[in-house]
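Beneath this line is the structure, given in structure tokens, with notes to follow.
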Amino acid sequence: MNLELINSIACGLIALWAAWCVLSGKVRDGILGKLIYSVIAISGFVVMTRSQNIFFGPTSAGVTFHVALCMAGVRHMFMVTCWLRVKAWLCRALNCEHCMSCPKAPEGIERRKQ
């Protein structure tokens, strides 16, 4: 794997994450947030599809930035879609008394084992 391929994959995943943020009803960042995500999605798609050799090749700092932003996007998607179920499962599996008696527990998630 060379830097160009890693950069293209990271930019593609960043574009996918940003498009998901624009289209998902679970992400409530307002109009400005949706506009920012749209710009990220479009620019990530352009970077992914264009040739990297025209003006300059990807640097290790640029690739690191793209991979880090990609990982932040994957974490954001996980936190929005799966975290409450994972947290409830962890509380059940660890038998955590603090979590089980939490008055701020979201509705619809049973934390105690029956």
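Following the order of the structure tokens, first chain is A, next is B, and so on, with residues numbered from 1 inside each chain and ligands from 1 in the order they appear.
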10 Å contact set for A:Val63, only C-alpha atoms, chain neighbours under 3 positions out, as a list in words: Leu3, Glu4, Leu5, Ile6, Asn7, Ser8, Ala10, Cys11, Pro58, Thr59, Ser60, His66, Val67, Ala68 and Leu69 of chain A
Contacts of stretch 35-43 of chain A within 9 Å, only C-alpha atoms, excl. fewer than 4 positions in-chain, as a list of chain:residue names: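 Once the nearby chain positions are removed, what remains is A:Cys11, A:Gly12, A:Ile14, A:Ala15, A:Leu16, A:Trp17, A:Ala18, A:Ala19, A:Trp20, A:Cys21, A:Val22, A:Gly30, A:Ile31, A:Val47, A:Met48.
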Mind dumping the selected residues with N, CA, C and O atoms as an mmCIF file, in the first residue's frame?
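What follows is the written file out28.cif:
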data_model
loop_
_atom_site.group_PDB
_atom_site.id
_atom_site.type_symbol
_atom_site.label_atom_id
_atom_site.label_comp_id
_atom_site.auth_asym_id
_atom_site.auth_seq_id
_atom_site.Cartn_x
_atom_site.Cartn_y
_atom_site.Cartn_z
ATOM 1 N N CYS A 11 -9.968 9.410 2.262
ATOM 2 C CA CYS A 11 -10.844 10.478 1.759
ATOM 3 C C CYS A 11 -12.208 9.926 1.367
ATOM 4 O O CYS A 11 -13.228 10.594 1.553
ATOM 5 N N GLY A 12 -12.240 8.718 0.830
ATOM 6 C CA GLY A 12 -13.518 8.098 0.493
ATOM 7 C C GLY A 12 -14.360 7.835 1.728
ATOM 8 O O GLY A 12 -15.573 8.072 1.739
ATOM 9 N N ILE A 14 -14.079 9.434 4.598
ATOM 10 C CA ILE A 14 -14.463 10.749 5.125
ATOM 11 C C ILE A 14 -15.672 11.271 4.361
ATOM 12 O O ILE A 14 -16.625 11.790 4.953
ATOM 13 N N ALA A 15 -15.657 11.132 3.032
ATOM 14 C CA ALA A 15 -16.792 11.577 2.222
ATOM 15 C C ALA A 15 -18.047 10.782 2.559
ATOM 16 O O ALA A 15 -19.147 11.338 2.638
ATOM 17 N N LEU A 16 -17.895 9.479 2.790
ATOM 18 C CA LEU A 16 -19.036 8.647 3.161
ATOM 19 C C LEU A 16 -19.606 9.071 4.515
ATOM 20 O O LEU A 16 -20.821 9.195 4.681
ATOM 21 N N TRP A 17 -18.725 9.328 5.483
ATOM 22 C CA TRP A 17 -19.162 9.790 6.802
ATOM 23 C C TRP A 17 -19.899 11.125 6.700
ATOM 24 O O TRP A 17 -20.959 11.310 7.299
ATOM 25 N N ALA A 18 -19.337 12.063 5.951
ATOM 26 C CA ALA A 18 -19.955 13.382 5.835
ATOM 27 C C ALA A 18 -21.304 13.292 5.123
ATOM 28 O O ALA A 18 -22.261 13.970 5.517
ATOM 29 N N ALA A 19 -21.401 12.452 4.101
ATOM 30 C CA ALA A 19 -22.687 12.271 3.422
ATOM 31 C C ALA A 19 -23.703 11.647 4.369
ATOM 32 O O ALA A 19 -24.885 12.020 4.367
ATOM 33 N N TRP A 20 -23.261 10.691 5.202
ATOM 34 C CA TRP A 20 -24.158 10.097 6.196
ATOM 35 C C TRP A 20 -24.647 11.157 7.172
ATOM 36 O O TRP A 20 -25.819 11.156 7.552
ATOM 37 N N CYS A 21 -23.753 12.066 7.589
ATOM 38 C CA CYS A 21 -24.146 13.133 8.514
ATOM 39 C C CYS A 21 -25.190 14.055 7.893
ATOM 40 O O CYS A 21 -26.092 14.539 8.577
ATOM 41 N N VAL A 22 -25.074 14.309 6.588
ATOM 42 C CA VAL A 22 -26.041 15.172 5.915
ATOM 43 C C VAL A 22 -27.392 14.470 5.801
ATOM 44 O O VAL A 22 -28.436 15.067 6.040
ATOM 45 N N GLY A 30 -27.914 21.210 12.823
ATOM 46 C CA GLY A 30 -28.460 22.422 12.255
ATOM 47 C C GLY A 30 -28.074 22.599 10.797
ATOM 48 O O GLY A 30 -27.393 21.776 10.181
ATOM 49 N N ILE A 31 -28.519 23.710 10.242
ATOM 50 C CA ILE A 31 -28.286 23.990 8.821
ATOM 51 C C ILE A 31 -26.810 24.224 8.551
ATOM 52 O O ILE A 31 -26.264 23.718 7.563
ATOM 53 N N VAL A 47 -11.198 14.631 -3.880
ATOM 54 C CA VAL A 47 -9.836 14.184 -3.591
ATOM 55 C C VAL A 47 -9.693 12.691 -3.880
ATOM 56 O O VAL A 47 -8.670 12.242 -4.402
ATOM 57 N N MET A 48 -10.748 11.915 -3.584
ATOM 58 C CA MET A 48 -10.687 10.480 -3.807
ATOM 59 C C MET A 48 -10.639 10.144 -5.299
ATOM 60 O O MET A 48 -9.929 9.233 -5.715
#
Residue with smallest distance to A:Leu13 - pool A:Cys91, A:Leu32, A:Met71, A:Val27, counting only C-alpha atoms: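 Using only C-alpha atoms, the shortest distance to A:Leu13 belongs to A:Met71.
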A:Val80, A:Val46, A:Ala93, A:Ile9 ranked by distance to A:Lys26, top pick (using only C-alpha atoms):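 Result for the nearest residue to A:Lys26: A:Val80.
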Distance of atom CA of A:Leu84 from atom CA of A:Lys34, expressed in Å to one decimal place: 23.5 Å
